[in-house]
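What follows is the content of input_18.cif, which has mmCIF, C-alpha atoms and all ligand atoms:
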data_coords
loop_
_atom_site.label_atom_id
_atom_site.label_comp_id
_atom_site.auth_asym_id
_atom_site.auth_seq_id
_atom_site.Cartn_x
_atom_site.Cartn_y
_atom_site.Cartn_z
CA MET A 1 163.79 36.81 -63.86
CA LYS A 2 166.87 37.81 -65.87
CA ASP A 3 166.94 37.23 -69.61
CA ILE A 4 170.16 35.23 -69.91
CA HIS A 5 171.75 33.27 -72.72
CA LEU A 6 174.65 30.86 -73.19
CA ILE A 7 176.85 32.10 -76.00
CA ALA A 8 180.04 30.75 -77.59
CA LEU A 9 182.59 32.96 -79.25
CA ALA A 10 186.25 32.78 -80.22
CA VAL A 11 188.42 35.71 -79.18
CA ASN A 12 191.82 35.87 -80.87
CA GLY A 13 191.47 32.16 -81.53
CA ASN A 14 190.55 31.24 -77.96
CA GLU A 15 187.16 29.55 -77.55
CA HIS A 16 184.87 30.86 -74.81
CA GLU A 17 181.44 29.83 -73.57
CA ILE A 18 179.72 32.28 -71.30
CA VAL A 19 176.31 33.08 -69.88
CA VAL A 20 175.32 36.70 -70.51
CA GLU A 21 172.31 38.90 -70.01
CA SER A 22 170.71 39.85 -73.31
CA ARG A 23 171.35 43.55 -72.62
CA ARG A 24 175.10 43.12 -71.98
CA THR A 25 177.28 44.77 -74.61
CA LEU A 26 180.08 42.96 -76.40
CA ALA A 27 182.47 45.54 -74.92
CA ASP A 28 181.43 44.51 -71.41
CA VAL A 29 181.57 40.81 -72.27
CA LEU A 30 185.11 41.23 -73.58
CA ARG A 31 186.40 43.46 -70.82
CA HIS A 32 184.56 42.40 -67.70
CA ASP A 33 183.58 38.80 -68.35
CA LEU A 34 186.54 37.58 -70.41
CA GLY A 35 189.32 39.94 -69.29
CA TYR A 36 190.25 41.41 -72.68
CA THR A 37 190.77 44.87 -71.20
CA GLY A 38 192.79 46.09 -74.18
CA THR A 39 189.46 47.10 -75.70
CA HIS A 40 188.72 50.56 -74.33
CA VAL A 41 185.35 52.13 -73.69
CA GLY A 42 185.05 55.89 -74.08
CA CYS A 43 181.72 57.38 -75.06
CA GLU A 44 179.64 54.18 -74.81
CA HIS A 45 177.33 55.35 -77.57
CA GLY A 46 179.07 54.76 -80.86
CA ILE A 47 180.88 58.06 -81.39
CA CYS A 48 184.56 57.68 -80.41
CA GLY A 49 185.48 54.27 -81.83
CA ALA A 50 187.77 53.43 -78.89
CA CYS A 51 185.90 50.14 -78.46
CA THR A 52 186.41 48.96 -82.05
CA VAL A 53 187.02 45.22 -82.44
CA LEU A 54 186.76 42.91 -85.43
CA LEU A 55 183.67 40.73 -85.58
CA ASP A 56 184.15 38.04 -88.22
CA GLY A 57 186.74 40.36 -89.74
CA GLU A 58 184.59 43.49 -89.84
CA PRO A 59 185.27 46.46 -87.56
CA VAL A 60 182.41 47.11 -85.15
CA ARG A 61 181.90 49.40 -82.20
CA SER A 62 181.63 46.86 -79.43
CA CYS A 63 179.64 49.27 -77.24
CA LEU A 64 176.86 49.09 -79.84
CA VAL A 65 176.86 45.30 -80.24
CA PHE A 66 175.22 43.00 -77.73
CA GLY A 67 177.22 40.04 -76.56
CA VAL A 68 174.47 37.70 -77.77
CA GLN A 69 174.99 39.05 -81.30
CA ALA A 70 178.55 37.69 -81.19
CA ASP A 71 177.32 34.16 -80.51
CA GLY A 72 179.15 31.84 -82.91
CA CYS A 73 181.46 34.60 -84.13
CA GLU A 74 185.20 35.16 -84.33
CA VAL A 75 186.25 38.27 -82.44
CA ARG A 76 189.65 39.88 -82.78
CA THR A 77 190.82 42.39 -80.20
CA VAL A 78 193.98 44.43 -79.84
CA GLU A 79 195.48 41.62 -77.75
CA GLY A 80 195.41 39.50 -80.91
CA LEU A 81 197.74 41.76 -82.90
CA ALA A 82 201.09 41.02 -81.27
CA ASP A 83 202.84 37.68 -81.57
CA GLY A 84 203.84 37.13 -77.95
CA GLU A 85 206.26 39.92 -77.07
CA GLU A 86 206.68 40.85 -80.73
CA LEU A 87 204.45 43.78 -81.70
CA SER A 88 202.74 43.69 -85.09
CA ASP A 89 203.97 45.85 -87.94
CA LEU A 90 201.06 48.22 -87.35
CA GLN A 91 201.75 48.53 -83.63
CA LYS A 92 205.41 49.24 -84.33
CA ALA A 93 204.45 51.88 -86.88
CA PHE A 94 202.16 53.64 -84.39
CA SER A 95 205.06 53.75 -81.94
CA ARG A 96 207.62 54.83 -84.53
CA CYS A 97 205.37 57.57 -85.97
CA HIS A 98 204.19 58.88 -82.58
CA GLY A 99 200.66 57.80 -83.43
CA LEU A 100 199.73 57.66 -79.76
CA GLN A 101 200.11 59.77 -76.66
CA CYS A 102 197.79 58.76 -73.81
CA GLY A 103 196.91 55.61 -75.76
CA PHE A 104 193.25 55.53 -74.85
CA CYS A 105 192.07 55.66 -78.45
CA THR A 106 194.86 53.43 -79.75
CA PRO A 107 193.24 49.96 -79.60
CA GLY A 108 190.31 51.26 -81.61
CA PHE A 109 192.52 52.91 -84.21
CA LEU A 110 194.65 49.79 -84.48
CA MET A 111 191.69 47.50 -85.08
CA LEU A 112 190.03 49.91 -87.50
CA SER A 113 193.31 50.25 -89.41
CA GLU A 114 194.01 46.52 -89.38
CA ALA A 115 190.60 45.79 -90.91
CA TYR A 116 191.09 48.50 -93.51
CA LEU A 117 194.61 47.43 -94.49
CA SER A 118 193.59 43.79 -94.76
CA GLU A 119 191.10 44.72 -97.48
CA GLN A 120 193.57 46.72 -99.60
CA ASP A 121 195.66 45.41 -102.45
CA THR A 122 197.17 48.73 -103.51
CA VAL A 123 198.68 51.51 -101.43
CA PRO A 124 195.92 54.02 -100.60
CA ASP A 125 196.54 57.75 -100.84
CA GLU A 126 196.61 59.95 -97.78
CA ALA A 127 193.13 61.39 -98.38
CA GLU A 128 191.60 57.92 -98.33
CA VAL A 129 193.46 56.95 -95.17
CA ARG A 130 192.28 60.15 -93.51
CA GLU A 131 188.71 59.47 -94.51
CA VAL A 132 188.80 55.97 -93.02
CA LEU A 133 190.47 57.11 -89.81
CA ALA A 134 187.93 59.92 -89.43
CA ALA A 135 185.58 57.25 -88.06
CA ASN A 136 187.44 57.36 -84.73
CA LEU A 137 188.37 60.16 -82.35
CA CYS A 138 191.71 61.01 -80.76
CA ARG A 139 192.02 63.85 -78.29
CA CYS A 140 195.83 63.89 -78.21
CA THR A 141 197.76 63.33 -81.39
CA GLY A 142 196.31 65.60 -84.05
CA TYR A 143 195.99 62.44 -86.19
CA GLN A 144 199.09 63.10 -88.32
CA GLY A 145 201.13 60.34 -86.71
CA ILE A 146 198.26 57.86 -86.97
CA VAL A 147 197.80 58.61 -90.66
CA GLU A 148 201.53 58.28 -91.25
CA ALA A 149 201.67 54.95 -89.41
CA VAL A 150 198.88 53.47 -91.51
CA ARG A 151 200.44 54.84 -94.69
CA GLN A 152 203.81 53.33 -93.82
CA VAL A 153 202.33 49.89 -93.16
CA ALA A 154 200.38 50.09 -96.42
CA GLU A 155 203.68 50.79 -98.21
CA GLU A 156 205.41 47.94 -96.37
CA ARG A 157 202.66 45.42 -97.12
CA MET A 158 201.67 46.49 -100.63
CA GLY A 159 204.32 48.84 -101.99
S1 LIG B 1 183.02 53.55 -76.55
FE1 LIG B 1 182.16 52.63 -78.30
S2 LIG B 1 182.19 54.17 -79.83
FE2 LIG B 1 182.92 55.16 -78.03
S1 LIG B 2 196.36 59.15 -77.90
FE1 LIG B 2 195.14 60.06 -76.37
S2 LIG B 2 193.12 60.01 -77.20
FE2 LIG B 2 194.39 59.35 -78.82
#
Encoded form (structure tokens):
Amino acid sequence: MKDIHLIALAVNGNEHEIVVESRRTLADVLRHDLGYTGTHVGCEHGICGACTVLLDGEPVRSCLVFGVQADGCEVRTVEGLADGEELSDLQKAFSRCHGLQCGFCTPGFLMLSEAYLSEQDTVPDEAEVREVLAANLCRCTGYQGIVEAVRQVAEERMG
């Protein structure tokens, strides 16, 4: 018999109730069960950060979290950044600064950066931004554009 559970979670403000197996990851719940395919899955073992989402405001690797652990939580995914057709300031900065090429890593970098920026009240220096962004991997950009995008948004929000 399968070990299944009814869980309730809010994703980008939308309430969901869903029955999941206890072994199902949050990444799979989001992508396959709820259709939030903006969250990407790369390594599936906690290294690349492509699957980063916010769980009650904290960035987590959704491939390392079980769906049942998100029961009763607020989840924010990359789909929650834009306001309709209007991209967020961070998304615009990634585009403007060439912070993406293939885009596979981008949802994870955006959510990691959004969580980081939301906790700042002064503009961080480049070294600190680089250290934070070192949590995630990008095979394309060389990181410079990503760092610049986050720095620009920090200046816009806190400068
Ligand atoms: S897919 Fe989750 S960290 Fe790589
Ligand atoms: S833009 Fe291709 S992996 Fe980062």
List as a list in words: which residues have an atom within 8 Å of (187.6, 41.5, -96.3), counting all atoms listed in the file?
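Counting all atoms listed in the file, I find these residues within 8 Å of (187.6, 41.5, -96.3): Gly57, Glu58, Ala115, Ser118 and Glu119 of chain A.
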Expected file: the selected residues, C-alpha atoms, as a PDB file, in the frame of the given file:
ATOM      1  CA  GLY A  57     186.740  40.360 -89.740  1.00  0.00           C
ATOM      2  CA  GLU A  58     184.590  43.490 -89.840  1.00  0.00           C
ATOM      3  CA  ALA A 115     190.600  45.790 -90.910  1.00  0.00           C
ATOM      4  CA  SER A 118     193.590  43.790 -94.760  1.00  0.00           C
ATOM      5  CA  GLU A 119     191.100  44.720 -97.480  1.00  0.00           C
TER       6      GLU A 119
END
May I have the protein, DNA and RNA residues with an atom at most 8 Å from (177.3, 48.9, -73.3), counting all atoms listed in the file in the file's coordinates, returned as number ranges by chain?
A: 24-28, 44-45, 62-66
Go ahead and write the residues just picked, C-alpha atoms, as an mmCIF file, in the coordinates of the input.
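Just written: selection_30.cif:
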data_model
loop_
_atom_site.group_PDB
_atom_site.id
_atom_site.type_symbol
_atom_site.label_atom_id
_atom_site.label_comp_id
_atom_site.auth_asym_id
_atom_site.auth_seq_id
_atom_site.Cartn_x
_atom_site.Cartn_y
_atom_site.Cartn_z
ATOM 1 C CA ARG A 24 175.100 43.120 -71.980
ATOM 2 C CA THR A 25 177.280 44.770 -74.610
ATOM 3 C CA LEU A 26 180.080 42.960 -76.400
ATOM 4 C CA ALA A 27 182.470 45.540 -74.920
ATOM 5 C CA ASP A 28 181.430 44.510 -71.410
ATOM 6 C CA GLU A 44 179.640 54.180 -74.810
ATOM 7 C CA HIS A 45 177.330 55.350 -77.570
ATOM 8 C CA SER A 62 181.630 46.860 -79.430
ATOM 9 C CA CYS A 63 179.640 49.270 -77.240
ATOM 10 C CA LEU A 64 176.860 49.090 -79.840
ATOM 11 C CA VAL A 65 176.860 45.300 -80.240
ATOM 12 C CA PHE A 66 175.220 43.000 -77.730
#
Could the residues that lie within 12 Å of ligand LIG 1 (chain B), counting all atoms listed in the file, be listed as an mmCIF file with C-alpha atoms, in the frame of the given file?
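Generated file (result.cif):
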data_model
loop_
_atom_site.group_PDB
_atom_site.id
_atom_site.type_symbol
_atom_site.label_atom_id
_atom_site.label_comp_id
_atom_site.auth_asym_id
_atom_site.auth_seq_id
_atom_site.Cartn_x
_atom_site.Cartn_y
_atom_site.Cartn_z
ATOM 1 C CA THR A 25 177.280 44.770 -74.610
ATOM 2 C CA LEU A 26 180.080 42.960 -76.400
ATOM 3 C CA ALA A 27 182.470 45.540 -74.920
ATOM 4 C CA ASP A 28 181.430 44.510 -71.410
ATOM 5 C CA THR A 39 189.460 47.100 -75.700
ATOM 6 C CA HIS A 40 188.720 50.560 -74.330
ATOM 7 C CA VAL A 41 185.350 52.130 -73.690
ATOM 8 C CA GLY A 42 185.050 55.890 -74.080
ATOM 9 C CA CYS A 43 181.720 57.380 -75.060
ATOM 10 C CA GLU A 44 179.640 54.180 -74.810
ATOM 11 C CA HIS A 45 177.330 55.350 -77.570
ATOM 12 C CA GLY A 46 179.070 54.760 -80.860
ATOM 13 C CA ILE A 47 180.880 58.060 -81.390
ATOM 14 C CA CYS A 48 184.560 57.680 -80.410
ATOM 15 C CA GLY A 49 185.480 54.270 -81.830
ATOM 16 C CA ALA A 50 187.770 53.430 -78.890
ATOM 17 C CA CYS A 51 185.900 50.140 -78.460
ATOM 18 C CA THR A 52 186.410 48.960 -82.050
ATOM 19 C CA VAL A 53 187.020 45.220 -82.440
ATOM 20 C CA PRO A 59 185.270 46.460 -87.560
ATOM 21 C CA VAL A 60 182.410 47.110 -85.150
ATOM 22 C CA ARG A 61 181.900 49.400 -82.200
ATOM 23 C CA SER A 62 181.630 46.860 -79.430
ATOM 24 C CA CYS A 63 179.640 49.270 -77.240
ATOM 25 C CA LEU A 64 176.860 49.090 -79.840
ATOM 26 C CA VAL A 65 176.860 45.300 -80.240
ATOM 27 C CA PHE A 66 175.220 43.000 -77.730
ATOM 28 C CA PHE A 104 193.250 55.530 -74.850
ATOM 29 C CA CYS A 105 192.070 55.660 -78.450
ATOM 30 C CA PRO A 107 193.240 49.960 -79.600
ATOM 31 C CA GLY A 108 190.310 51.260 -81.610
ATOM 32 C CA PHE A 109 192.520 52.910 -84.210
ATOM 33 C CA LEU A 112 190.030 49.910 -87.500
ATOM 34 C CA ALA A 135 185.580 57.250 -88.060
ATOM 35 C CA ASN A 136 187.440 57.360 -84.730
ATOM 36 C CA LEU A 137 188.370 60.160 -82.350
ATOM 37 C CA CYS A 138 191.710 61.010 -80.760
#
Find, counting all atoms listed in the file, the residue in A:Ala149, A:Ala70, A:Ala154, A:Ala82 that gets nearest to Arg96 of chain A.
A:Ala149
Nearest to Asp33 of chain A, chosen from A:Glu128, A:Leu55, A:Gly67, A:Tyr116, with only C-alpha atoms counted in the distances:
A:Gly67
Hey, which of A:Gln152, A:Gln91, A:Gln69, A:Thr37 ends up closest to Leu9 of chain A? Count only C-alpha atoms.
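Among the listed residues, A:Gln69 lies closest to Leu9 of chain A.
Closest approach to Val147 of chain A among A:Leu117, A:Cys97, A:Thr106, A:Glu79 is made by A:Cys97 (distances from all atoms listed in the file).
For Asp3 of chain A, the residues within 10 Å (counting only C-alpha atoms, excluding itself and residues fewer than 5 positions away along the chain) are A:Val20, A:Glu21, A:Ser22, A:Arg23.
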Which residue is closest to ligand LIG 2 (chain B)? Choose from A:Thr77, A:Thr122, A:Gln144, A:Asn14 and count only C-alpha atoms and all ligand atoms.
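Looking at the shortest contact to ligand LIG 2 (chain B), the residue is A:Gln144.
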Between atom CA of Glu155 of chain A and atom FE1 of ligand LIG 2 (chain B), distance in Å (one decimal):
25.2 Å
Show which residues sit within 7 Å of Glu17 of chain A, as a ChimeraX atom specification. Count all atoms listed in the file, and ignore same-chain residues fewer than 2 positions away.
/A:6-9,15
Tell me, in Å to one decimal, how far atom CA of Gly142 of chain A is from atom S1 of ligand LIG 2 (chain B).
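Pair atom CA of Gly142 of chain A / atom S1 of ligand LIG 2 (chain B) returns 8.9 Å.
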